[in-house]
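Here is the file work_34.txt (compact mmCIF, C-alpha atoms).
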# COMPACT_ATOMS: atom_id res chain seq x y z
CA MET A 1 38.51 -78.30 -90.47
CA ASP A 2 40.87 -81.17 -89.86
CA ALA A 3 39.01 -83.75 -87.76
CA ASN A 4 42.32 -84.83 -86.24
CA ALA A 5 43.35 -81.31 -85.15
CA PRO A 6 43.66 -80.87 -81.36
CA VAL A 7 40.76 -79.11 -79.59
CA ARG A 8 41.64 -75.91 -77.66
CA ILE A 9 39.69 -75.11 -74.52
CA SER A 10 39.34 -71.41 -73.73
CA SER A 11 40.25 -70.21 -70.25
CA ARG A 12 37.66 -67.47 -70.44
CA PRO A 13 34.47 -67.90 -68.33
CA PHE A 14 31.45 -69.23 -70.15
CA ALA A 15 29.21 -66.39 -71.34
CA LEU A 16 25.45 -66.42 -70.83
CA ASN A 17 23.50 -64.36 -73.35
CA GLY A 18 26.73 -62.85 -74.47
CA ARG A 19 27.61 -61.57 -70.99
CA VAL A 20 30.56 -62.75 -69.04
CA PRO A 21 29.73 -63.53 -65.40
CA SER A 22 31.34 -61.25 -62.86
CA SER A 23 34.26 -62.63 -60.93
CA ARG A 24 33.17 -60.78 -57.75
CA THR A 25 32.45 -62.87 -54.73
CA ILE A 26 28.91 -62.40 -53.39
CA TYR A 27 28.64 -62.45 -49.62
CA PRO A 28 25.36 -62.89 -47.70
CA ARG A 29 23.85 -59.70 -46.33
CA GLU A 30 24.91 -58.93 -42.78
CA VAL A 31 22.14 -59.16 -40.13
CA SER A 32 22.23 -56.34 -37.63
CA GLY A 33 20.73 -56.49 -34.11
CA ILE A 34 20.60 -54.66 -30.79
CA THR A 35 22.72 -55.17 -27.78
CA LEU A 36 21.45 -56.07 -24.33
CA LEU A 37 22.33 -52.56 -23.15
CA GLU A 38 20.22 -50.99 -25.89
CA LEU A 39 17.30 -53.27 -25.04
CA MET A 40 17.46 -52.36 -21.35
CA PHE A 41 17.58 -48.66 -22.19
CA THR A 42 14.51 -48.98 -24.44
CA LEU A 43 12.57 -50.79 -21.73
CA ALA A 44 13.52 -48.12 -19.19
CA VAL A 45 12.18 -45.40 -21.49
CA ILE A 46 8.89 -47.31 -21.95
CA VAL A 47 8.46 -47.71 -18.19
CA VAL A 48 8.98 -43.98 -17.64
CA LEU A 49 6.47 -43.09 -20.36
CA LEU A 50 3.86 -45.44 -18.91
CA ALA A 51 4.35 -43.92 -15.46
CA VAL A 52 3.69 -40.47 -16.89
CA VAL A 53 0.81 -41.37 -19.23
CA ASP A 54 -1.18 -43.80 -17.05
CA PRO A 55 -2.46 -41.28 -14.43
CA SER A 56 -3.57 -38.92 -17.19
CA TYR A 57 -5.30 -41.74 -19.05
CA GLN A 58 -7.04 -42.89 -15.86
CA TYR A 59 -8.24 -39.36 -15.12
CA ILE A 60 -9.68 -39.00 -18.62
CA THR A 61 -11.46 -42.37 -18.61
CA ASN A 62 -12.91 -41.86 -15.11
CA SER A 63 -14.04 -38.32 -15.88
CA ASN A 64 -15.71 -39.41 -19.11
CA ARG A 65 -17.44 -42.32 -17.40
CA VAL A 66 -18.91 -40.36 -14.47
CA ALA A 67 -19.93 -37.51 -16.77
CA SER A 68 -21.77 -40.01 -18.96
CA GLU A 69 -23.53 -41.55 -15.94
CA VAL A 70 -24.67 -38.21 -14.53
CA ASN A 71 -25.74 -36.95 -17.95
CA GLY A 72 -27.72 -40.15 -18.45
CA LEU A 73 -29.95 -39.38 -15.47
CA LEU A 74 -30.05 -35.67 -16.29
CA GLY A 75 -31.17 -36.42 -19.84
CA ASP A 76 -33.91 -38.80 -18.70
CA LEU A 77 -35.19 -36.35 -16.07
CA GLN A 78 -35.36 -33.62 -18.71
CA PHE A 79 -37.11 -36.03 -21.06
CA ALA A 80 -39.68 -36.96 -18.40
CA ARG A 81 -40.40 -33.30 -17.61
CA THR A 82 -40.74 -32.40 -21.30
CA GLU A 83 -43.07 -35.33 -21.94
CA ALA A 84 -45.24 -34.39 -18.94
CA ILE A 85 -45.71 -30.87 -20.27
CA LYS A 86 -46.24 -32.02 -23.85
CA GLU A 87 -48.68 -34.84 -23.02
CA GLY A 88 -50.46 -32.96 -20.24
CA GLN A 89 -50.15 -35.87 -17.80
CA THR A 90 -47.81 -37.12 -15.09
CA ILE A 91 -44.57 -38.73 -16.23
CA SER A 92 -42.45 -40.46 -13.60
CA ILE A 93 -38.95 -41.86 -13.31
CA CYS A 94 -37.98 -44.42 -10.67
CA VAL A 95 -35.22 -46.82 -9.66
CA SER A 96 -35.68 -50.12 -11.47
CA THR A 97 -33.45 -53.17 -11.19
CA ASP A 98 -35.26 -55.16 -13.87
CA GLY A 99 -36.08 -52.48 -16.44
CA SER A 100 -39.82 -53.15 -16.31
CA GLY A 101 -41.11 -51.89 -12.95
CA CYS A 102 -40.14 -49.70 -10.01
CA SER A 103 -38.00 -51.06 -7.18
CA SER A 104 -39.96 -49.35 -4.43
CA GLY A 105 -37.90 -47.69 -1.71
CA ASN A 106 -34.60 -48.31 -3.47
CA THR A 107 -32.57 -45.08 -3.56
CA ASN A 108 -29.60 -46.65 -5.37
CA TRP A 109 -29.98 -45.13 -8.81
CA HIS A 110 -26.89 -46.95 -10.06
CA LYS A 111 -29.09 -50.06 -10.07
CA GLY A 112 -30.87 -48.62 -13.10
CA TRP A 113 -34.11 -46.71 -13.70
CA ILE A 114 -37.09 -46.38 -15.99
CA VAL A 115 -39.15 -43.46 -17.30
CA PHE A 116 -42.85 -44.24 -17.59
CA SER A 117 -46.19 -42.59 -18.25
CA ASP A 118 -48.07 -42.37 -14.96
CA PRO A 119 -51.76 -41.56 -15.60
CA SER A 120 -52.69 -42.67 -12.06
CA ASN A 121 -50.17 -40.17 -10.63
CA LEU A 122 -48.78 -42.68 -8.14
CA GLY A 123 -45.07 -42.47 -8.97
CA ASP A 124 -44.75 -46.23 -8.67
CA THR A 125 -45.65 -49.04 -11.04
CA ALA A 126 -46.32 -51.40 -8.11
CA SER A 127 -48.85 -49.26 -6.24
CA GLY A 128 -51.99 -50.30 -8.06
CA GLY A 129 -51.60 -47.89 -10.94
CA THR A 130 -53.01 -48.91 -14.30
CA GLY A 131 -52.14 -48.06 -17.85
CA TYR A 132 -48.52 -47.07 -17.29
CA THR A 133 -46.13 -47.39 -20.23
CA VAL A 134 -42.35 -47.64 -19.96
CA LEU A 135 -40.81 -44.96 -22.17
CA ARG A 136 -37.11 -45.32 -21.40
CA VAL A 137 -34.88 -47.85 -19.65
CA GLN A 138 -31.44 -47.34 -18.07
CA ARG A 139 -29.70 -50.58 -17.19
CA PRO A 140 -27.61 -50.95 -13.99
CA PHE A 141 -24.10 -49.53 -14.07
CA THR A 142 -21.52 -52.16 -14.95
CA GLY A 143 -18.80 -50.76 -12.69
CA THR A 144 -18.55 -49.97 -8.98
CA ASP A 145 -19.74 -46.36 -9.09
CA THR A 146 -22.59 -45.50 -6.72
CA PHE A 147 -25.41 -43.04 -7.49
CA THR A 148 -27.68 -42.25 -4.54
CA ALA A 149 -30.35 -39.66 -3.79
CA SER A 150 -30.89 -37.58 -0.69
CA ASN A 151 -34.20 -37.45 1.19
CA SER A 152 -34.76 -41.16 0.41
CA VAL A 153 -35.92 -40.32 -3.11
CA SER A 154 -36.49 -43.46 -5.17
CA ALA A 155 -38.86 -41.90 -7.73
CA VAL A 156 -39.59 -38.50 -9.23
CA SER A 157 -42.88 -37.47 -10.83
CA PHE A 158 -43.37 -34.45 -13.07
CA SER A 159 -46.76 -32.81 -13.33
CA ARG A 160 -48.26 -31.37 -16.48
CA GLU A 161 -46.86 -28.00 -15.40
CA GLY A 162 -43.33 -29.41 -15.22
CA PHE A 163 -43.12 -29.36 -11.41
CA ALA A 164 -41.79 -32.19 -9.26
CA PRO A 165 -44.26 -31.95 -6.33
CA GLY A 166 -43.04 -35.07 -4.55
CA ILE A 167 -39.72 -33.47 -3.62
CA ALA A 168 -40.81 -30.22 -2.00
CA THR A 169 -37.42 -29.73 -0.33
CA GLY A 170 -35.49 -30.74 -3.43
CA THR A 171 -33.05 -33.63 -3.77
CA LEU A 172 -29.41 -34.18 -4.60
CA PHE A 173 -28.23 -37.19 -6.57
CA THR A 174 -24.59 -37.93 -5.71
CA LEU A 175 -22.25 -40.05 -7.80
CA HIS A 176 -19.13 -41.54 -6.18
CA THR A 177 -16.41 -43.75 -7.60
CA ALA A 178 -14.98 -46.63 -5.60
CA PRO A 179 -12.71 -45.87 -3.89
CA SER A 180 -14.21 -42.42 -3.48
CA ASN A 181 -12.22 -39.59 -5.04
CA SER A 182 -13.37 -35.98 -4.96
CA LYS A 183 -11.87 -35.37 -8.41
CA TRP A 184 -14.53 -37.59 -9.94
CA THR A 185 -17.45 -36.87 -7.61
CA ARG A 186 -20.45 -35.51 -9.48
CA CYS A 187 -23.91 -34.41 -8.30
CA LEU A 188 -27.27 -33.54 -9.80
CA SER A 189 -29.60 -31.12 -8.05
CA LEU A 190 -33.37 -31.23 -8.65
CA THR A 191 -35.85 -28.70 -7.26
CA LEU A 192 -39.62 -28.58 -6.76
CA ALA A 193 -39.89 -26.33 -9.82
CA GLY A 194 -38.19 -29.03 -11.92
CA LEU A 195 -34.92 -27.16 -12.29
CA MET A 196 -31.84 -29.38 -12.67
CA THR A 197 -28.19 -28.48 -12.12
CA SER A 198 -25.13 -30.71 -12.50
CA LEU A 199 -22.35 -30.05 -9.99
CA THR A 200 -18.73 -30.98 -9.36
CA TYR A 201 -17.29 -31.63 -5.91
CA GLY A 202 -17.52 -28.66 -3.51
CA ASN A 203 -19.99 -26.67 -5.59
CA ALA A 204 -23.52 -25.87 -4.41
CA ALA A 205 -26.93 -25.23 -5.92
CA ASP A 206 -30.30 -24.57 -4.31
CA GLY A 207 -28.80 -24.87 -0.83
CA ALA A 208 -27.18 -28.29 -1.45
CA THR A 209 -23.42 -28.86 -1.69
CA CYS A 210 -21.87 -31.65 -3.71
CA THR A 211 -19.67 -33.75 -1.39
Would you write the structure of this file as structure tokens?
Amino acid sequence: MDANAPVRISSRPFALNGRVPSSRTIYPREVSGITLLELMFTLAVIVVLLAVVDPSYQYITNSNRVASEVNGLLGDLQFARTEAIKEGQTISICVSTDGSGCSSGNTNWHKGWIVFSDPSNLGDTASGGTGYTVLRVQRPFTGTDTFTASNSVSAVSFSREGFAPGIATGTLFTLHTAPSNSKWTRCLSLTLAGLMTSLTYGNAADGATCT
């Protein structure tokens, strides 16, 4: 090649790896969004759905809570009665605010209760009884529900035969929400024979009506 020959520069694009770059123009991807009208419509739909769902959700949560609270006392009463028959000695259950002893005269069962062996057959841990043993503890309710007993019953004792001799006329434990609403009112009936029945508002058992 003649060193003095003129150098020719090609007008073709420079090739990388044998490929000629495309001459297309690359534009940035378009970003889409929503309009204010679309946003307002979406919010309106959410508000409507919340208005429909919230009452149903509240009903379910309240119903589950009060059912759990009533069943808690029902389960412990059944446990106390079963233990009394099995062990052949008195087993008692009473209102307890501290989880260790009876709160004598307190009929507010939402304050908590304990199940305890009661060999002295006194129905109260603070009445001079000896040798009692706490078998179960229910802590106070965390909400505003109230759980009270009729006939000023603050303790129940089950004999070895499974009877509850201290409540000859029976008792009715009534659970109310705050504010009170009949849809969530629940009751628990207990008889001298130790029979227990859970009730909803307006229903009756053993001569007592749940109100």
Of the candidates A:Ser182, A:Ser189, A:Gln78, A:Thr146, which shows the shortest atom-to-atom distance to A:His110, using only C-alpha atoms?
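Among A:Ser182, A:Ser189, A:Gln78, A:Thr146, it is A:Thr146 that comes nearest to A:His110.
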All residues 12 Å or closer to A:Arg65, all atoms listed in the file, same chain fewer than 4 positions away omitted, as a PyMOL selection string:
chain A and resi 58-61+69-72+141-145+175-177+184-186
Shell around A:Ile85 at 9 Å using all atoms listed in the file, local window under 5 positions removed, as an mmCIF file with C-alpha atoms, in the coordinates of the input:
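Below is the file that was written, selection_30.cif:
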data_model
loop_
_atom_site.group_PDB
_atom_site.id
_atom_site.type_symbol
_atom_site.label_atom_id
_atom_site.label_comp_id
_atom_site.auth_asym_id
_atom_site.auth_seq_id
_atom_site.Cartn_x
_atom_site.Cartn_y
_atom_site.Cartn_z
ATOM 1 C CA ALA A 80 -39.680 -36.960 -18.400
ATOM 2 C CA THR A 90 -47.810 -37.120 -15.090
ATOM 3 C CA ILE A 91 -44.570 -38.730 -16.230
ATOM 4 C CA PHE A 158 -43.370 -34.450 -13.070
ATOM 5 C CA SER A 159 -46.760 -32.810 -13.330
ATOM 6 C CA ARG A 160 -48.260 -31.370 -16.480
ATOM 7 C CA GLU A 161 -46.860 -28.000 -15.400
ATOM 8 C CA GLY A 162 -43.330 -29.410 -15.220
#
Under the rule that all atoms listed in the file are counted, which of A:Leu135, A:Ala84, A:Val153, A:Leu74 is the nearest residue to A:Ala168?
A:Val153
Students should find that atom CA of A:Gly207 and atom CA of A:Cys94 are spaced 23.7 Å
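Between atom CA of A:Gly112 and atom CA of A:Ser96 the separation is 5.3 Å.
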Could you please give me, as a ChimeraX atom specification, the residues of protein, DNA or RNA lying at most 12 Å from (-49.9, -42.6, -10.7) in the coordinate frame of the file, considering only C-alpha atoms?
/A:89-93,116-133,155-159,166
Excluding A:Thr197 and any residue of its chain fewer than 5 positions from it, enumerate the residues within 10 Å of it, using only C-alpha atoms, and give them as an mmCIF file with C-alpha atoms, in the frame of the given file.
data_model
loop_
_atom_site.group_PDB
_atom_site.id
_atom_site.type_symbol
_atom_site.label_atom_id
_atom_site.label_comp_id
_atom_site.auth_asym_id
_atom_site.auth_seq_id
_atom_site.Cartn_x
_atom_site.Cartn_y
_atom_site.Cartn_z
ATOM 1 C CA LEU A 74 -30.050 -35.670 -16.290
ATOM 2 C CA LEU A 172 -29.410 -34.180 -4.600
ATOM 3 C CA CYS A 187 -23.910 -34.410 -8.300
ATOM 4 C CA LEU A 188 -27.270 -33.540 -9.800
ATOM 5 C CA SER A 189 -29.600 -31.120 -8.050
ATOM 6 C CA LEU A 190 -33.370 -31.230 -8.650
ATOM 7 C CA THR A 191 -35.850 -28.700 -7.260
ATOM 8 C CA ALA A 204 -23.520 -25.870 -4.410
ATOM 9 C CA ALA A 205 -26.930 -25.230 -5.920
ATOM 10 C CA ASP A 206 -30.300 -24.570 -4.310
#
What does the structure give for the distance between atom CA of A:Val137 and atom CA of A:Val115, in Å to one decimal?
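That distance, rounded to one decimal, is 6.6 Å.
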Residue nearest A:Ser104 among A:Val134, A:Leu77, A:Ala44, A:Ser154 (counting all atoms listed in the file):
A:Ser154
Just checking: using all atoms listed in the file, which residue out of A:Ala178, A:Val95, A:Ser152, A:Asn106 ends up closest to A:Pro140?
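The closest residue to A:Pro140 is A:Val95.
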Of the candidates A:Glu38, A:Thr200, A:Asp98, A:Gly194, which one gets nearest to A:Phe79 if we count only C-alpha atoms?
A:Gly194
Contacts of A:Thr148 at 6 Å (only C-alpha atoms; same-chain gap of 2+ positions) as a list in words:
Thr107, Asn108, Trp109, Phe173 and Thr174 of chain A
Dump C-alpha atoms for the selected residues as an mmCIF file, keeping the file's coordinate frame?
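selection.cif, freshly written:
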data_model
loop_
_atom_site.group_PDB
_atom_site.id
_atom_site.type_symbol
_atom_site.label_atom_id
_atom_site.label_comp_id
_atom_site.auth_asym_id
_atom_site.auth_seq_id
_atom_site.Cartn_x
_atom_site.Cartn_y
_atom_site.Cartn_z
ATOM 1 C CA THR A 107 -32.570 -45.080 -3.560
ATOM 2 C CA ASN A 108 -29.600 -46.650 -5.370
ATOM 3 C CA TRP A 109 -29.980 -45.130 -8.810
ATOM 4 C CA PHE A 173 -28.230 -37.190 -6.570
ATOM 5 C CA THR A 174 -24.590 -37.930 -5.710
#
Kindly reconstruct stretch 74-93 of chain A with N, CA and C atoms and present the result as a PDB file, keeping the file's coordinate frame.
ATOM      1  N   LEU A  74     -29.621 -37.029 -15.955  1.00  0.00           N
ATOM      2  CA  LEU A  74     -30.050 -35.670 -16.290  1.00  0.00           C
ATOM      3  C   LEU A  74     -30.894 -35.671 -17.562  1.00  0.00           C
ATOM      4  N   GLY A  75     -30.438 -36.372 -18.578  1.00  0.00           N
ATOM      5  CA  GLY A  75     -31.170 -36.420 -19.840  1.00  0.00           C
ATOM      6  C   GLY A  75     -32.536 -37.059 -19.686  1.00  0.00           C
ATOM      7  N   ASP A  76     -32.623 -38.125 -18.877  1.00  0.00           N
ATOM      8  CA  ASP A  76     -33.910 -38.800 -18.700  1.00  0.00           C
ATOM      9  C   ASP A  76     -34.866 -37.976 -17.828  1.00  0.00           C
ATOM     10  N   LEU A  77     -34.338 -37.248 -16.853  1.00  0.00           N
ATOM     11  CA  LEU A  77     -35.190 -36.350 -16.070  1.00  0.00           C
ATOM     12  C   LEU A  77     -35.747 -35.228 -16.949  1.00  0.00           C
ATOM     13  N   GLN A  78     -34.907 -34.677 -17.797  1.00  0.00           N
ATOM     14  CA  GLN A  78     -35.360 -33.620 -18.710  1.00  0.00           C
ATOM     15  C   GLN A  78     -36.390 -34.171 -19.694  1.00  0.00           C
ATOM     16  N   PHE A  79     -36.161 -35.397 -20.154  1.00  0.00           N
ATOM     17  CA  PHE A  79     -37.110 -36.030 -21.060  1.00  0.00           C
ATOM     18  C   PHE A  79     -38.460 -36.226 -20.380  1.00  0.00           C
ATOM     19  N   ALA A  80     -38.436 -36.724 -19.133  1.00  0.00           N
ATOM     20  CA  ALA A  80     -39.680 -36.960 -18.400  1.00  0.00           C
ATOM     21  C   ALA A  80     -40.441 -35.653 -18.196  1.00  0.00           C
ATOM     22  N   ARG A  81     -39.743 -34.603 -17.839  1.00  0.00           N
ATOM     23  CA  ARG A  81     -40.400 -33.300 -17.610  1.00  0.00           C
ATOM     24  C   ARG A  81     -41.001 -32.767 -18.909  1.00  0.00           C
ATOM     25  N   THR A  82     -40.245 -32.878 -19.994  1.00  0.00           N
ATOM     26  CA  THR A  82     -40.740 -32.400 -21.300  1.00  0.00           C
ATOM     27  C   THR A  82     -41.975 -33.173 -21.743  1.00  0.00           C
ATOM     28  N   GLU A  83     -41.937 -34.496 -21.548  1.00  0.00           N
ATOM     29  CA  GLU A  83     -43.070 -35.330 -21.940  1.00  0.00           C
ATOM     30  C   GLU A  83     -44.311 -35.002 -21.098  1.00  0.00           C
ATOM     31  N   ALA A  84     -44.106 -34.733 -19.806  1.00  0.00           N
ATOM     32  CA  ALA A  84     -45.240 -34.390 -18.940  1.00  0.00           C
ATOM     33  C   ALA A  84     -45.927 -33.118 -19.413  1.00  0.00           C
ATOM     34  N   ILE A  85     -45.144 -32.126 -19.775  1.00  0.00           N
ATOM     35  CA  ILE A  85     -45.710 -30.870 -20.270  1.00  0.00           C
ATOM     36  C   ILE A  85     -46.384 -31.073 -21.629  1.00  0.00           C
ATOM     37  N   LYS A  86     -45.714 -31.811 -22.496  1.00  0.00           N
ATOM     38  CA  LYS A  86     -46.240 -32.020 -23.850  1.00  0.00           C
ATOM     39  C   LYS A  86     -47.517 -32.867 -23.850  1.00  0.00           C
ATOM     40  N   GLU A  87     -47.533 -33.936 -23.042  1.00  0.00           N
ATOM     41  CA  GLU A  87     -48.680 -34.840 -23.020  1.00  0.00           C
ATOM     42  C   GLU A  87     -49.785 -34.389 -22.068  1.00  0.00           C
ATOM     43  N   GLY A  88     -49.453 -33.447 -21.182  1.00  0.00           N
ATOM     44  CA  GLY A  88     -50.460 -32.960 -20.240  1.00  0.00           C
ATOM     45  C   GLY A  88     -50.843 -33.994 -19.206  1.00  0.00           C
ATOM     46  N   GLN A  89     -49.885 -34.861 -18.827  1.00  0.00           N
ATOM     47  CA  GLN A  89     -50.150 -35.870 -17.800  1.00  0.00           C
ATOM     48  C   GLN A  89     -48.845 -36.166 -17.051  1.00  0.00           C
ATOM     49  N   THR A  90     -48.972 -36.828 -15.910  1.00  0.00           N
ATOM     50  CA  THR A  90     -47.810 -37.120 -15.090  1.00  0.00           C
ATOM     51  C   THR A  90     -46.897 -38.136 -15.774  1.00  0.00           C
ATOM     52  N   ILE A  91     -45.610 -37.810 -15.770  1.00  0.00           N
ATOM     53  CA  ILE A  91     -44.570 -38.730 -16.230  1.00  0.00           C
ATOM     54  C   ILE A  91     -43.604 -38.924 -15.068  1.00  0.00           C
ATOM     55  N   SER A  92     -43.300 -40.173 -14.754  1.00  0.00           N
ATOM     56  CA  SER A  92     -42.450 -40.460 -13.600  1.00  0.00           C
ATOM     57  C   SER A  92     -41.186 -41.196 -14.010  1.00  0.00           C
ATOM     58  N   ILE A  93     -40.206 -41.136 -13.132  1.00  0.00           N
ATOM     59  CA  ILE A  93     -38.950 -41.860 -13.310  1.00  0.00           C
ATOM     60  C   ILE A  93     -38.604 -42.475 -11.955  1.00  0.00           C
TER      61      ILE A  93
END
